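J.: If you scroll down you'll find the structure; I have some questions about it.
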Number of protein chains: 2
Amino acid sequence: MLKRGDVARQLDCNIETVRYYEGIGLIEPPQRTQSGHRIYDGDDVARLRFVLRLRDLGFPLEDIRALLATVKTGDYACADIAVIAEHQLAEIRRKIVDLRRLEKTLMRMTEQCHRGATPDCAIIEALS
Amino acid sequence: MLKRGDVARQLDCNIETVRYYEGIGLIEPPQRTQSGHRIYDGDDVARLRFVLRLRDLGFPLEDIRALLATVKTGDYACADIAVIAEHQLAEIRRKIVDLRRLEKTLMRMTEQCHRGATPDCAIIEALS
DNA sequence: TTACTCTCTGTAGTCACTACAGGTGCAAGG
DNA sequence: CCTTGCACCTGTAGTGACTACAGAGAGTAA
């Protein structure tokens, strides 16, 4: 039986994030002590870890919520999950493509720069 | 002389963004008509385009603000600009590395999945 | 004149947290 | 037993970079 701070330490997330996820209904409210302190059992921790792993894979919280709901019913096909995961994979690849384009542009710009002590800068030129 | 909507169309940005940038002091307030409508001249548009290009390169607005202030004084060395640009380049590369790691993880997970009609899913397994 | 579009203002909502203020609970040291 | 200090409780506000909306005034074409 862990308290909120213990859980946060164990899963390496911010203590406030745990309360936030409960507030928006992403995880179930845990048991409380008589004085009102939250106490988390092994299942609570496992469910939060599941959420955090998806988050760390870049899934938006709404997608995580939907995935949780699907998994909870048990009424889903493995193929459905694969579709969701591949959608997320496509999102990530799109972002990589975007960033690589930015990287190229910035690289070209910095290469042009003679790094002088005067304000006639190729970078500023390129932006104007 | 263009109105706000014209500027937004010309620079392909949201009309509200123009007002927002004025509100946070990122661009100077333009002239107004007698009735209070904003009117933008060529210089106004050029300055906004400069800001939008930096934004599209992923610079945070605060960095753009600082860059604008520096360029405005004219008292800067080309080398300083190069440092800022290379810092941003490093940021972008860091993000690419992060995303490529996520991509690999998700790829491995989806490859494991047999895409069946039952709920015994390798992806869910991997997350639990 | 009427109808329609554009602009004006201020404010609230988005996402995913994060930080803070002001108060209670709990556990260990003296 | 008392105090000290940390962990926890609640609600709320702030972050970044917009985006959307409500309600009112301005401009234009038929």
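By convention in this document, the chains of the structure tokens carry letters A, B, ... by their order, each chain's residues are numbered from 1, and ligands are numbered from 1 in the order they are shown.
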Could you name the residues that touch DG16 (chain D) at 10 Å or less, counting only C-alpha atoms (C1' of nucleotides), but leaving out those on the same chain fewer than 4 positions away, as a PDB file with N, CA and C atoms, in the first residue's frame?
T.:
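Saved to selection-v9.pdb:
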```
ATOM      1  N   PRO B  60      10.723  29.294 -29.841  1.00  0.00           N
ATOM      2  CA  PRO B  60       9.707  29.792 -28.902  1.00  0.00           C
ATOM      3  C   PRO B  60       9.544  31.297 -29.063  1.00  0.00           C
ATOM      4  N   LEU B  61       8.346  31.785 -28.764  1.00  0.00           N
ATOM      5  CA  LEU B  61       8.061  33.208 -28.967  1.00  0.00           C
ATOM      6  C   LEU B  61       8.992  34.099 -28.150  1.00  0.00           C
ATOM      7  N   GLU B  62       9.394  33.634 -26.983  1.00  0.00           N
ATOM      8  CA  GLU B  62      10.301  34.444 -26.163  1.00  0.00           C
ATOM      9  C   GLU B  62      11.653  34.633 -26.858  1.00  0.00           C
TER      10      GLU B  62
END
```
J.: Any idea which chain A residues end up within 9 Å of chain C if we count only C-alpha atoms (C1' of nucleotides), as a PDB file with C-alpha atoms, in the first residue's frame please?
T.:
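Output file result-v8.pdb follows:
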```
ATOM      1  CA  ASN A  14       5.397  14.158 -10.925  1.00  0.00           C
ATOM      2  CA  GLU A  16       0.745  16.248  -9.114  1.00  0.00           C
ATOM      3  CA  THR A  17       0.321  14.280 -12.324  1.00  0.00           C
ATOM      4  CA  TYR A  20      -4.406  15.280 -12.231  1.00  0.00           C
ATOM      5  CA  SER A  35      -8.013  10.821   7.395  1.00  0.00           C
ATOM      6  CA  HIS A  37      -4.961  10.221   2.324  1.00  0.00           C
ATOM      7  CA  PRO A  60      -2.677  12.042 -26.375  1.00  0.00           C
ATOM      8  CA  LEU A  61      -4.557  11.490 -23.106  1.00  0.00           C
TER       9      LEU A  61
END
```
J.: Could you list, as a list in words, the residues of chain D having an atom within 10 Å of chain B when counting only C-alpha atoms (C1' of nucleotides)?
T.: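 Filtering chain D at 10 Å from chain B with only C-alpha atoms (C1' of nucleotides) gives DG16, DA17, DC18, DT19, DA20, DG25 and DA26 of chain D.
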J.: Work out how far CA of Arg4 (chain A) is from CA of Val18 (chain A), in Å to one decimal.
T.: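 One can read the CA of Val18 (chain A) to CA of Arg4 (chain A) distance as 7.3 Å.
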J.: Suppose you want the space between CA of Met109 (chain A) and CA of Asp44 (chain B); what is it in Å?
T.: 23.9 Å
J.: Compute the chain B side of the contact with chain A at 7 Å, counting only C-alpha atoms, and hand it back as a list in words.
T.: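 Within 7 Å of chain A on chain B, we get Phe50, Arg53, Leu57, Gly74, Tyr76, Ala77, Cys78, Ala79, Ala82, Ala85, Leu89, Ile92, Ile96, Leu99, Leu102, Glu103, Leu106, Thr110, Cys113, Arg115, Gly116, Ala117, Thr118, Pro119, Asp120, Cys121, Leu127 and Ser128 of chain B.
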J.: Please give the complete set of residues from chain B that DSSP, run on the backbone, assigns to strand (DSSP E), formatted as a list in words.
T.: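 Reading the DSSP output for chain B, strand (DSSP E) covers Gln31, Arg32, Arg38 and Ile39 of chain B.
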J.: Can you check which residues of region 31-78 of chain B DSSP gives as alpha helix (DSSP H) on the backbone and send them as a ChimeraX atom specification?
T.: /B:42-56,61-73,78
J.: Using CA of Arg55 (chain A) and CA of Ile64 (chain B) as the two end points, give the distance in Å to one decimal.
T.: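 If I compute the distance from CA of Arg55 (chain A) to CA of Ile64 (chain B), I get 29.7 Å.
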